[in-house]
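Below: the structure, in structure tokens.
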Amino acid sequence: MIYTIDKIRDLIINKKIKVSTIIKNIYKELEKWDYLNSFVTKTKKEALKLCKELDLKEIDENNFLDHIPYVAKDNFSTKNILTTSSSKILSDYIPPFNATVINLLNTNNAILLGKTTLDELGMGGTGLTAYNGIVRNPLNKDLIAGGSSSGSAALVATGLIPFALGTDTGDSIRKPASYCGIVGLKPTYGLISRKGLIPYSPSFDTVGFFTNNVKDSARIFQHLAKYDSDDLTSISDYKFSYSDNIFKQKQYKIIYISEIYDNCKDFIKLEFDKLFEKLKNKGYIIKKVSFSKSLLRLLPVVYYIITCSEAINSQSNLTGIPFGFKLEADDWKKSVIKTRTKCLGEIVRARYLIGSYCESKNNQEKLFLKAKKIRRFICNEIAEIYKNFDAIILPAANGIAPKISSYDSNQIFIHSEEIVENSLLLANFNGMPSITIPFFNKDNMPIGININTNVFEEKKLFNLANNIEKIINYKKGE
Amino acid sequence: MKILKSDLKFMAKSILLDIDDNELDKIYHNFQLIVDKLRYIKYFNLENVSPLDYLFEDKYSKLREDELIENLDKKDVLKNAKSKSTDFITIKKEK
């Protein structure tokens with residue numbers, strides 16, 4: 001059984017099952033999936049306490065979050081609940097406040113079932129770098145779930161959790177969604193508050209979530225896209241209201257990028273061709289357009305330079321002194337060196353070092369500022385596309401989830417020259433909304449398709465994604 | 001652009017990390033691979049282009065009014081510090 005929002009509402013409203021019974025059943029079922037290592041913390045006690053109160057209340061039919069269970073990536077601050085960001089340096093950190101999104105979910109009576117494993121401090125795309133161990137793909141335990149929102153993706157893919165919070169700095173929601181056969185949304189930058197999120201790279205970090213269908217994604221977005229004066233990048237004048245009417249098909253003009261499409265594996269191209277034919281038959285206009293190949297090649301380079309440079313600043317408080325795990329030494333400086341060296345993983349240490357190098361006086365102009373100039377070129381090129389078209393369709397990955405054993409421990413960055421694998425970064429560069437939905441199966445594993453619209457055009461994105469979801473009619477396991 | 005290993009070593013010290021030579025070699029190698037790919041920049045004229053600091057700079061980059069907000073309780077904040085006195089964090093002096 002797949003628990004969607006409709007399924008849970010139906011169980012409670014029509015079959016009169018108490019929410020506490022549903023939650024107990026979910027926890028019981030989740031035990032079978034413990035080997036995935038998706039959870040850092042299960043919040044069973046708190047969840048069942050809340051359920052006791054909710055059992056006595058009618059479900060609010062206008063509130064899609066009411067009585068709905070969820071999990072949150074462990075980089076969201078949760079008051080009085082361990083928040084580790086899957087790093088040893090935060091392995092005993094208990095925040096005194098909630099992230100704004102957690103508060104919004106609490107206010108709407110959503111039920112937090114636990115905090116999920118991520119690549120340490122959000123750095124990585126595999127699910128293999130968490131302090132608390134690797135995350136496995138629920139569809140095949142020898143394959144990665146993807147990252148960095150690994151545990152959240154894996155849990156939604158079990159079908160037991162209707163939605164899971166994640167964050168997307170460089171495809172960290174949309175790539176795992178492809179590998180796990182679920183829906184992953186990264187909204188427009190700034191539409192969901194980042195207050196209380198343990199930051200990685202603030203000019204890229206975006207809060208999003210996983211669901212089992214596009215409809216649930218739109219419903220949850222309605223509740224979470226709220227202005228927050230405590231987040232300086234929060235957008236103040238945006239409004240989105242969900243209704244089933246938002247899915248009424250419109251004749252959008254869609255493009256796919258030749259430099260990306262031409263580099264896709266043949267079996268992916270074939271599936272795209274079939275889909276494009278179906279879309280044309282439905283009245284959509286499909287065009288192949290060109291994008292600067294040099295900019296596409298620069299995407300990962302520029303991404304690493306900016307994100308590493310921002311990380312060394314945004315995580316500079318990870319010293320063990322004000323909070324977090326601390327190793328004692330003769331004086332404060334030796335203690336900080338010991339703590340940071342022993343309690344941060346290899347990838348995090350490397351990225352800090354590279355970030356400080358790029359931002360140093362001698363290199364700032366040559367590396368950091370140059371990278372930010374190239375980011376402007378990339379944004380401008382995307383903006384040109386949206387002058388004439390409504391949406392950009394991309395492959396969410398150039399294959400199924402890779403094997404866990406295929407990763408080399410000496411590799412600090414994924415140096416893929418493949419333009420296809422890096423193309424999801426486009427939405428992080430200009431902040432546009434981007435959603436991955438399941439597309440087709442290869443060797444019994446899913447591959448996703450990624451849909452993008454211009455910034456603040458979530459309504460268009462959900463409309464298109466919902467209609468493409470219907471055309472694809474993806475069935476798990478087929 | 002050539003990365004200098006000696007610069008990396010100096011940087012590690014300045015950000016309070018103790019990185020041994022093996023690890024430094026590995027980071028150096030990975031970083032050089034990244035920087036080598038910057039060669040594609042030559043196709044772009046970066047003169048008179050300003051770095052992009054904020055995505056929606058045209059529409060939203062204005063400072064908001066200052067406002068007093070409720071702060072976190074000091075006791076709560078200090079709960080996570082390993083070493084503290086009445087209402088402040090304590091550290092051992094550098095020797």
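Labeling convention for the structure tokens: chains A, B, ... as they appear, residues from 1 per chain, ligands from 1 in order of appearance.
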Residue contacts of range 4-20 of chain B (8 Å, only C-alpha atoms) excluding same-chain residues fewer than 3 positions away, as a list in words: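 In the requested form, the answer reads Lys333, Val336, Ile337, Lys338, Arg340, Thr341, Arg349, Leu353, Ile354, Ser356 and Tyr357 of chain A; Glu23, Leu24, Asp25 and Tyr28 of chain B.
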Which residues of chain A are close to chain B, meaning at most 8 Å apart when you count only C-alpha atoms, and how do they look as a PyMOL selection string? chain A and resi 93-97+203+235+294-295+297-298+301+320-324+326+330-333+336-338+340-341+349-350+353-354+356-357+369-376+410-413+415+430-431
Write out as an MDAnalysis selection string all residues of chain B that backbone DSSP assigns to alpha helix (DSSP H). chainID B and resid 5:14 21:36 57:60 74:78
Hey, can you spit out that residue selection with N, CA, C and O atoms as a tab-separated table (two decimals), in the first residue's frame?
```tsv
chain	number	residue	atom	x	y	z
B	5	LYS	N	50.25	23.94	-3.46
B	5	LYS	CA	50.03	23.08	-2.30
B	5	LYS	C	50.40	23.80	-1.01
B	5	LYS	O	49.75	23.62	0.02
B	6	SER	N	51.42	24.64	-1.10
B	6	SER	CA	51.84	25.37	0.11
B	6	SER	C	50.74	26.32	0.58
B	6	SER	O	50.52	26.49	1.79
B	7	ASP	N	50.03	26.91	-0.37
B	7	ASP	CA	48.90	27.79	-0.01
B	7	ASP	C	47.80	27.00	0.68
B	7	ASP	O	47.20	27.45	1.65
B	8	LEU	N	47.55	25.80	0.14
B	8	LEU	CA	46.50	24.96	0.75
B	8	LEU	C	46.87	24.62	2.19
B	8	LEU	O	46.03	24.61	3.08
B	9	LYS	N	48.15	24.32	2.40
B	9	LYS	CA	48.62	23.95	3.74
B	9	LYS	C	48.42	25.13	4.71
B	9	LYS	O	47.95	24.96	5.84
B	10	PHE	N	48.74	26.31	4.21
B	10	PHE	CA	48.58	27.52	5.03
B	10	PHE	C	47.10	27.75	5.35
B	10	PHE	O	46.72	28.07	6.48
B	11	MET	N	46.24	27.54	4.33
B	11	MET	CA	44.79	27.73	4.51
B	11	MET	C	44.25	26.79	5.58
B	11	MET	O	43.42	27.17	6.39
B	12	ALA	N	44.69	25.53	5.52
B	12	ALA	CA	44.19	24.53	6.48
B	12	ALA	C	44.44	25.02	7.91
B	12	ALA	O	43.56	24.94	8.77
B	13	LYS	N	45.63	25.54	8.12
B	13	LYS	CA	45.99	26.05	9.44
B	13	LYS	C	45.08	27.21	9.84
B	13	LYS	O	44.61	27.30	10.97
B	14	SER	N	44.84	28.09	8.87
B	14	SER	CA	44.07	29.30	9.19
B	14	SER	C	42.60	28.99	9.48
B	14	SER	O	41.93	29.76	10.15
B	21	ASP	N	49.74	15.17	5.22
B	21	ASP	CA	50.21	15.31	3.83
B	21	ASP	C	49.44	14.44	2.84
B	21	ASP	O	49.19	14.86	1.71
B	22	ASN	N	49.05	13.22	3.28
B	22	ASN	CA	48.30	12.34	2.38
B	22	ASN	C	46.97	12.96	1.99
B	22	ASN	O	46.58	12.97	0.82
B	23	GLU	N	46.29	13.47	3.02
B	23	GLU	CA	44.98	14.08	2.77
B	23	GLU	C	45.14	15.34	1.91
B	23	GLU	O	44.35	15.59	1.01
B	24	LEU	N	46.18	16.09	2.21
B	24	LEU	CA	46.43	17.32	1.45
B	24	LEU	C	46.66	17.01	-0.03
B	24	LEU	O	46.13	17.69	-0.91
B	25	ASP	N	47.42	15.94	-0.28
B	25	ASP	CA	47.67	15.52	-1.67
B	25	ASP	C	46.36	15.21	-2.40
B	25	ASP	O	46.16	15.59	-3.56
B	26	LYS	N	45.52	14.49	-1.68
B	26	LYS	CA	44.24	14.09	-2.26
B	26	LYS	C	43.37	15.32	-2.58
B	26	LYS	O	42.80	15.41	-3.67
B	27	ILE	N	43.31	16.23	-1.63
B	27	ILE	CA	42.50	17.44	-1.84
B	27	ILE	C	43.09	18.25	-3.00
B	27	ILE	O	42.37	18.71	-3.89
B	28	TYR	N	44.40	18.39	-2.98
B	28	TYR	CA	45.09	19.14	-4.02
B	28	TYR	C	44.76	18.58	-5.41
B	28	TYR	O	44.39	19.30	-6.33
B	29	HIS	N	44.86	17.24	-5.51
B	29	HIS	CA	44.60	16.58	-6.80
B	29	HIS	C	43.17	16.83	-7.27
B	29	HIS	O	42.92	17.19	-8.42
B	30	ASN	N	42.21	16.64	-6.35
B	30	ASN	CA	40.80	16.83	-6.69
B	30	ASN	C	40.50	18.28	-7.06
B	30	ASN	O	39.76	18.56	-8.00
B	31	PHE	N	41.07	19.20	-6.31
B	31	PHE	CA	40.83	20.62	-6.53
B	31	PHE	C	41.43	21.06	-7.87
B	31	PHE	O	40.84	21.82	-8.64
B	32	GLN	N	42.63	20.57	-8.18
B	32	GLN	CA	43.28	20.94	-9.44
B	32	GLN	C	42.43	20.50	-10.64
B	32	GLN	O	42.31	21.22	-11.64
B	33	LEU	N	41.82	19.29	-10.49
B	33	LEU	CA	40.95	18.80	-11.57
B	33	LEU	C	39.78	19.75	-11.81
B	33	LEU	O	39.39	20.02	-12.96
B	34	ILE	N	39.24	20.25	-10.71
B	34	ILE	CA	38.11	21.19	-10.81
B	34	ILE	C	38.57	22.48	-11.48
B	34	ILE	O	37.95	22.97	-12.44
B	35	VAL	N	39.67	23.03	-10.98
B	35	VAL	CA	40.16	24.32	-11.48
B	35	VAL	C	40.55	24.23	-12.97
B	35	VAL	O	40.34	25.17	-13.73
B	36	ASP	N	41.08	23.07	-13.37
B	36	ASP	CA	41.46	22.89	-14.78
B	36	ASP	C	40.27	23.10	-15.71
B	36	ASP	O	40.41	23.55	-16.84
B	57	GLU	N	17.95	40.32	-7.43
B	57	GLU	CA	18.49	41.63	-7.04
B	57	GLU	C	17.67	42.81	-7.56
B	57	GLU	O	17.58	43.82	-6.90
B	58	ASP	N	17.05	42.66	-8.75
B	58	ASP	CA	16.29	43.77	-9.31
B	58	ASP	C	15.01	44.04	-8.52
B	58	ASP	O	14.60	45.17	-8.34
B	59	LYS	N	14.39	42.98	-8.08
B	59	LYS	CA	13.06	43.12	-7.48
B	59	LYS	C	13.07	43.17	-5.96
B	59	LYS	O	12.29	43.91	-5.35
B	60	TYR	N	13.92	42.39	-5.33
B	60	TYR	CA	13.76	42.22	-3.89
B	60	TYR	C	14.94	42.69	-3.03
B	60	TYR	O	14.88	42.55	-1.81
B	74	LYS	N	18.34	32.70	27.11
B	74	LYS	CA	19.78	32.45	27.33
B	74	LYS	C	20.03	31.04	27.86
B	74	LYS	O	20.96	30.35	27.44
B	75	LYS	N	19.20	30.62	28.79
B	75	LYS	CA	19.37	29.29	29.38
B	75	LYS	C	19.29	28.21	28.31
B	75	LYS	O	20.07	27.26	28.31
B	76	ASP	N	18.32	28.36	27.41
B	76	ASP	CA	18.16	27.38	26.34
B	76	ASP	C	19.37	27.36	25.42
B	76	ASP	O	19.85	26.31	25.02
B	77	VAL	N	19.86	28.55	25.11
B	77	VAL	CA	21.00	28.65	24.20
B	77	VAL	C	22.23	27.99	24.83
B	77	VAL	O	22.99	27.28	24.16
B	78	LEU	N	22.40	28.19	26.12
B	78	LEU	CA	23.60	27.67	26.79
B	78	LEU	C	23.53	26.16	27.06
B	78	LEU	O	24.55	25.54	27.37
```
Straight-line distance linking CA of Ser243 in chain A with CA of Glu458 in chain A, stated in Å to one decimal: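 Between CA of Ser243 in chain A and CA of Glu458 in chain A the gap works out to 13.2 Å.
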Suppose you want the space between CA of Phe240 in chain A and CA of Phe221 in chain A; what is it in Å?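 Going from CA of Phe240 in chain A over to CA of Phe221 in chain A, I get 8.1 Å.
The closest residue to Gly159 in chain A, picked from A:Ile198, A:Leu224, A:Ile173, A:Ile182 and counting only C-alpha atoms, is A:Ile182.
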Counting only C-alpha atoms, the option among A:Val71, A:Ala391, A:Ile102, A:Ile254 closest to Lys195 in chain A: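 Using only C-alpha atoms, Lys195 in chain A sits closest to A:Ile102.
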Quick check, in Å to one decimal: how far apart do CA of Gly124 in chain A and CA of Ala383 in chain A lie?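 Straight-line distance from CA of Gly124 in chain A to CA of Ala383 in chain A works out to 28.2 Å.
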Let's see if you can do this: from backbone DSSP, list all strand (DSSP E or B) residues in range 299-429 of chain A, as a CSV table (one decimal) with C-alpha atoms, in the first residue's frame.
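Printed below is result.csv as written:
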```csv
chain,number,residue,atom,x,y,z
A,391,ALA,CA,9.0,25.1,-19.7
A,392,ILE,CA,12.3,23.2,-19.9
A,393,ILE,CA,12.3,19.4,-19.8
A,394,LEU,CA,15.4,17.6,-18.8
A,395,PRO,CA,16.4,14.0,-18.0
A,403,LYS,CA,25.9,0.7,-7.4
```
Residues within 12 Å of range 11-14 of chain A, only C-alpha atoms, excluding chain neighbours under 2 positions, as a PyMOL selection string: chain A and resi 3-9+16-23+54-61+66-68
Using only C-alpha atoms, can you tell me which of A:Asn317, A:Ser309, A:Asn140, A:Thr233 comes closest to Glu359 in chain A? A:Ser309
When you look at Arg351 in chain A with a cut-off of 8 Å (counting only C-alpha atoms), what residues show up, excluding the ones that are within fewer than 3 positions of it in the same chain? I need them as a ChimeraX atom specification. /A:308,311-312,347-348,354-355
Excluding same-chain residues fewer than 5 positions from Asn281 in chain A, what lies within 12 Å of it counting only C-alpha atoms, as a ChimeraX atom specification? /A:251,274-276,286,471
